[in-house]
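J.: Sharing protein36.txt (compact mmCIF, C-alpha atoms) below.
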# COMPACT_ATOMS: atom_id res chain seq x y z
CA MET Y 1 -34.06 -14.93 42.41
CA PRO Y 2 -35.56 -12.55 39.84
CA ASP Y 3 -36.51 -13.96 36.47
CA ARG Y 4 -33.97 -12.91 33.78
CA ARG Y 5 -35.33 -11.71 30.44
CA GLN Y 6 -34.47 -13.65 27.34
CA PRO Y 7 -32.20 -11.41 25.14
CA ASP Y 8 -33.62 -10.16 21.86
CA SER Y 9 -32.56 -12.43 18.98
CA SER Y 10 -31.70 -9.46 16.78
CA THR Y 11 -29.08 -8.23 19.27
CA ASP Y 12 -27.87 -11.61 20.49
CA ASP Y 13 -24.82 -12.78 18.55
CA ASN Y 14 -24.11 -15.93 20.54
CA PRO Y 15 -24.31 -18.96 18.22
CA PHE Y 16 -24.43 -21.34 21.19
CA ALA Y 17 -27.38 -19.68 22.98
CA ALA Y 18 -30.67 -21.52 23.24
CA PRO Y 19 -33.36 -20.40 20.77
CA PRO Y 20 -36.03 -18.01 22.08
CA GLU Y 21 -39.19 -19.51 23.57
CA GLY Y 22 -41.67 -20.83 21.05
CA ARG Y 23 -39.11 -21.15 18.28
CA PRO Y 24 -37.92 -24.59 17.13
CA ASP Y 25 -34.25 -25.55 17.13
CA GLN Y 26 -32.39 -24.80 13.93
CA PRO Y 27 -29.46 -26.80 12.56
CA TRP Y 28 -26.06 -25.21 13.07
CA GLN Y 29 -24.60 -23.33 10.09
CA PRO Y 30 -20.97 -22.15 9.86
CA ARG Y 31 -20.35 -18.44 9.76
CA GLY Y 32 -18.19 -16.71 7.14
CA GLY Y 33 -14.57 -16.34 8.30
CA GLY Y 34 -13.73 -12.90 9.69
CA ASP Y 35 -16.42 -10.90 7.91
CA GLY Y 36 -18.80 -10.17 10.76
CA GLY Y 37 -20.98 -13.27 10.55
CA ARG Y 38 -21.87 -12.95 6.87
CA PRO Y 39 -22.53 -16.31 5.22
CA THR Y 40 -19.70 -17.50 3.01
CA GLY Y 41 -21.74 -17.33 -0.20
CA GLU Y 42 -22.60 -13.65 0.31
CA PRO Y 43 -20.34 -11.17 -1.47
CA GLY Y 44 -17.92 -9.05 0.48
CA PRO Y 45 -17.83 -5.26 0.71
CA GLY Y 46 -18.70 -3.43 -2.47
CA PRO Y 47 -16.68 -0.82 -4.34
CA GLU Y 48 -16.86 1.48 -1.30
CA GLY Y 49 -15.31 -1.15 1.02
CA PRO Y 50 -11.69 -2.26 1.35
CA VAL Y 51 -9.96 -3.98 -1.55
CA ARG Y 52 -8.02 -7.11 -0.79
CA TRP Y 53 -4.61 -7.69 -2.37
CA ASP Y 54 -5.23 -9.77 -5.47
CA PRO Y 55 -1.94 -10.99 -6.98
CA THR Y 56 -3.73 -12.01 -10.20
CA ASP Y 57 -4.80 -8.42 -10.92
CA PRO Y 58 -2.08 -6.80 -13.06
CA ILE Y 59 -3.11 -3.29 -12.00
CA GLN Y 60 -2.59 -4.02 -8.31
CA ARG Y 61 0.70 -5.76 -9.09
CA HIS Y 62 1.94 -2.77 -11.08
CA ALA Y 63 1.08 -0.40 -8.23
CA ARG Y 64 3.06 -2.51 -5.75
CA TYR Y 65 5.95 -3.06 -8.17
CA ALA Y 66 6.14 0.71 -8.76
CA LEU Y 67 6.54 1.38 -5.06
CA LEU Y 68 9.20 -1.31 -4.56
CA ALA Y 69 11.20 -0.50 -7.69
CA GLY Y 70 11.05 3.24 -6.96
CA MET Y 71 12.29 2.73 -3.39
CA TRP Y 72 15.15 0.50 -4.45
CA GLY Y 73 16.03 2.79 -7.35
CA PHE Y 74 16.22 5.72 -4.94
CA PHE Y 75 18.50 3.77 -2.57
CA PHE Y 76 20.79 2.69 -5.42
CA GLY Y 77 20.96 6.34 -6.49
CA LEU Y 78 21.90 7.38 -2.95
CA PHE Y 79 24.59 4.70 -2.75
CA ASP Y 80 26.17 5.93 -6.00
CA ILE Y 81 25.13 3.07 -8.28
CA PRO Y 82 23.38 5.22 -10.89
CA SER Y 83 22.94 2.61 -13.61
CA VAL Y 84 20.81 0.33 -11.42
CA GLY Y 85 18.99 3.34 -9.96
CA LEU Y 86 18.14 4.59 -13.45
CA LEU Y 87 16.88 1.17 -14.55
CA LEU Y 88 14.71 0.68 -11.45
CA GLY Y 89 13.47 4.27 -11.67
CA ALA Y 90 12.39 3.79 -15.29
CA LEU Y 91 10.62 0.53 -14.43
CA ALA Y 92 8.88 2.14 -11.46
CA LEU Y 93 7.78 5.04 -13.65
CA TYR Y 94 6.28 2.63 -16.20
CA TRP Y 95 4.56 0.49 -13.56
CA GLY Y 96 3.25 3.52 -11.65
CA ILE Y 97 1.70 5.07 -14.75
CA SER Y 98 0.16 1.79 -15.90
CA GLY Y 99 -1.18 1.20 -12.37
CA LEU Y 100 -2.79 4.64 -12.24
CA ARG Y 101 -4.33 4.37 -15.69
CA GLY Y 102 -6.32 1.41 -14.39
CA ARG Y 103 -6.68 -0.57 -17.57
CA PRO Y 104 -6.54 -4.32 -17.00
CA GLY Y 105 -4.15 -6.31 -19.15
CA ALA Y 106 -6.68 -9.06 -19.92
CA PRO Y 107 -10.44 -8.92 -20.44
CA ALA Y 108 -12.40 -9.26 -17.23
CA GLU Y 109 -13.86 -12.66 -16.45
CA PRO Y 110 -17.59 -12.88 -15.82
CA GLY Y 111 -18.58 -12.60 -12.18
CA SER Y 112 -20.74 -15.05 -10.25
CA ASP Y 113 -23.91 -13.11 -11.13
CA GLY Y 114 -23.23 -13.32 -14.88
CA THR Y 115 -22.11 -9.72 -15.31
CA ALA Y 116 -18.58 -8.82 -16.28
CA ALA Y 117 -16.31 -8.37 -13.28
CA ARG Y 118 -14.82 -4.88 -13.02
CA GLY Y 119 -11.03 -4.62 -12.91
CA GLY Y 120 -8.38 -1.97 -12.48
CA LEU Y 121 -7.99 0.87 -10.01
CA ALA Y 122 -10.39 3.17 -11.84
CA ALA Y 123 -13.20 0.61 -11.62
CA LEU Y 124 -12.71 0.18 -7.87
CA GLY Y 125 -13.23 3.86 -7.06
CA PRO Y 126 -12.41 5.03 -3.53
CA ALA Y 127 -11.82 1.45 -2.37
CA ALA Y 128 -8.55 1.31 -4.32
CA ARG Y 129 -6.90 3.98 -2.16
CA PRO Y 130 -4.02 1.73 -0.93
CA GLN Y 131 -3.12 0.69 -4.48
CA ARG Y 132 -3.43 4.27 -5.76
CA THR Y 133 -1.23 5.48 -2.91
CA ALA Y 134 1.37 2.81 -3.73
CA ALA Y 135 1.38 3.78 -7.41
CA ILE Y 136 1.75 7.51 -6.63
CA SER Y 137 4.51 6.82 -4.08
CA GLY Y 138 6.24 4.69 -6.70
CA LEU Y 139 6.06 7.57 -9.18
CA VAL Y 140 7.54 10.00 -6.66
CA THR Y 141 10.41 7.69 -5.67
CA ALA Y 142 10.99 6.79 -9.34
CA SER Y 143 11.31 10.47 -10.19
CA LEU Y 144 13.81 10.94 -7.35
CA ALA Y 145 15.79 7.85 -8.45
CA ILE Y 146 15.97 9.09 -12.04
CA LEU Y 147 16.93 12.57 -10.86
CA LEU Y 148 19.74 11.17 -8.69
CA ALA Y 149 21.03 8.97 -11.52
CA LEU Y 150 20.97 11.79 -14.07
CA SER Y 151 22.67 14.22 -11.69
CA SER Y 152 25.38 11.62 -11.02
CA TYR Y 153 25.95 11.23 -14.77
CA ALA Y 154 25.97 15.03 -15.18
CA VAL Y 155 28.66 15.41 -12.49
CA GLN Y 156 30.76 12.68 -14.13
CA LEU Y 157 30.43 14.45 -17.48
CA ALA Y 158 31.19 17.91 -16.07
CA TYR Y 159 34.30 16.70 -14.19
CA LYS Y 160 35.42 14.12 -16.72
CA ASP Y 161 39.08 15.18 -16.48
CA PHE Y 162 39.08 14.50 -12.74
CA TYR Y 163 37.53 11.04 -13.13
CA VAL Y 164 39.92 10.07 -15.95
CA CYS Y 165 42.91 11.31 -13.90
CA ARG Y 166 41.76 9.34 -10.86
CA GLU Y 167 41.23 6.16 -12.87
CA ASP Y 168 44.65 6.45 -14.56
CA ALA Y 169 46.56 7.18 -11.34
CA LEU Y 170 48.87 4.31 -10.37
CA THR Y 171 49.84 5.58 -6.93
CA GLN Y 172 48.03 7.37 -4.14
CA THR Y 173 50.26 10.42 -4.60
CA ALA Y 174 49.27 10.64 -8.27
CA GLU Y 175 45.61 10.24 -7.27
CA LEU Y 176 45.93 13.11 -4.79
CA GLN Y 177 47.32 15.31 -7.60
CA CYS Y 178 43.97 14.96 -9.41
CA ASN Y 179 42.29 17.11 -6.75
CA ARG Y 180 43.66 20.23 -8.49
CA LEU Y 181 41.18 19.54 -11.35
CA LEU Y 182 38.20 20.10 -9.03
CA PRO Y 183 36.65 23.50 -8.29
CA ASP Y 184 36.92 24.98 -4.82
CA ASN Y 185 33.29 24.62 -3.81
CA LEU Y 186 31.09 22.18 -1.85
CA LEU Y 187 30.91 19.65 -4.68
CA GLY Y 188 34.67 19.79 -5.21
CA ARG Y 189 35.26 19.16 -1.52
CA TYR Y 190 32.85 16.21 -1.65
CA LEU Y 191 34.53 14.60 -4.68
CA LYS Y 192 38.07 15.26 -3.49
CA VAL Y 193 40.38 12.26 -3.05
CA ARG Y 194 41.32 11.93 0.60
CA THR Y 195 44.45 10.41 2.11
Could you take the file, read its structure, and then write that structure out as structure tokens?
T.:
Amino acid sequence: MPDRRQPDSSTDDNPFAAPPEGRPDQPWQPRGGGDGGRPTGEPGPGPEGPVRWDPTDPIQRHARYALLAGMWGFFFGLFDIPSVGLLLGALALYWGISGLRGRPGAPAEPGSDGTAARGGLAALGPAARPQRTAAISGLVTASLAILLALSSYAVQLAYKDFYVCREDALTQTAELQCNRLLPDNLLGRYLKVRT
């Protein structure tokens, strides 16, 4: 049987393999969890690498809150609940802007090397792309939610007579008579009371 070569130690990643010839045994050391064999004391990827979700960072929280509040505000606007849509849209707008500005709410704590730890989306550079995307998406959905809520209020103001008539109607026949207060266009057909 031919003699197999011992694999090069720089390419061998097997922690259970025997040490190369002429090298003494070394005590086993645990690897870092899920970071490619980096020891646990070594720092993770730098500002160019991925950013993990840190719930203690107010900037990252604001970016996520902006996305969630904007989405829900948009849905409430679609389902004709403009007051909740307007509230959530305003909150999402505030959180999205504060998330994009990238100014931490509290002073940064010193890092392990004695220097001040950088915080906020602006300090993270390209690595903060997911949080920046969430904040921008929150701003877009917040704008749509506010637009839906304001257009709903504008329609109620423009056709106030119709809404008052419909609210005051005691019977379905009286409610159907309110349709004559609507214009004969697409919006009027949408708002019309149906039997």
J.: List as a list in words the protein and nucleic acid residues near Ala158 in chain Y, meaning an atom at most 12 Å away when only C-alpha atoms are counted, but skip any in the same chain fewer than 4 places from it.
T.: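 That gives Ser151, Ser152, Tyr153, Ala154, Phe162, Tyr163, Val164, Leu181, Leu182, Pro183, Leu187 and Gly188 of chain Y.
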J.: Set the distance at 12 Å and use all atoms listed in the file: which residues neighbour Gln177 in chain Y once local chain neighbours fewer than 2 positions away are removed? I'd like the list as a ChimeraX atom specification.
T.: /Y:162,165-166,168-175,179-182,192-195
J.: Would you compute the distance between CA of Pro55 in chain Y and CA of Ser143 in chain Y? Give it in Å to one decimal.
T.: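 Result for CA of Pro55 in chain Y versus CA of Ser143 in chain Y: 25.4 Å, one decimal.
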J.: At a cut-off of 8 Å, using all atoms listed in the file, what residues contact Gly77 in chain Y? Leave out same-chain residues fewer than 5 positions from it and give the result as a ChimeraX atom specification.
T.: /Y:82,84-86,145-146,148-149
J.: For CA of Trp72 in chain Y and CA of Tyr159 in chain Y, determine how far apart the two atoms are, in Å to one decimal place.
T.: 26.9 Å
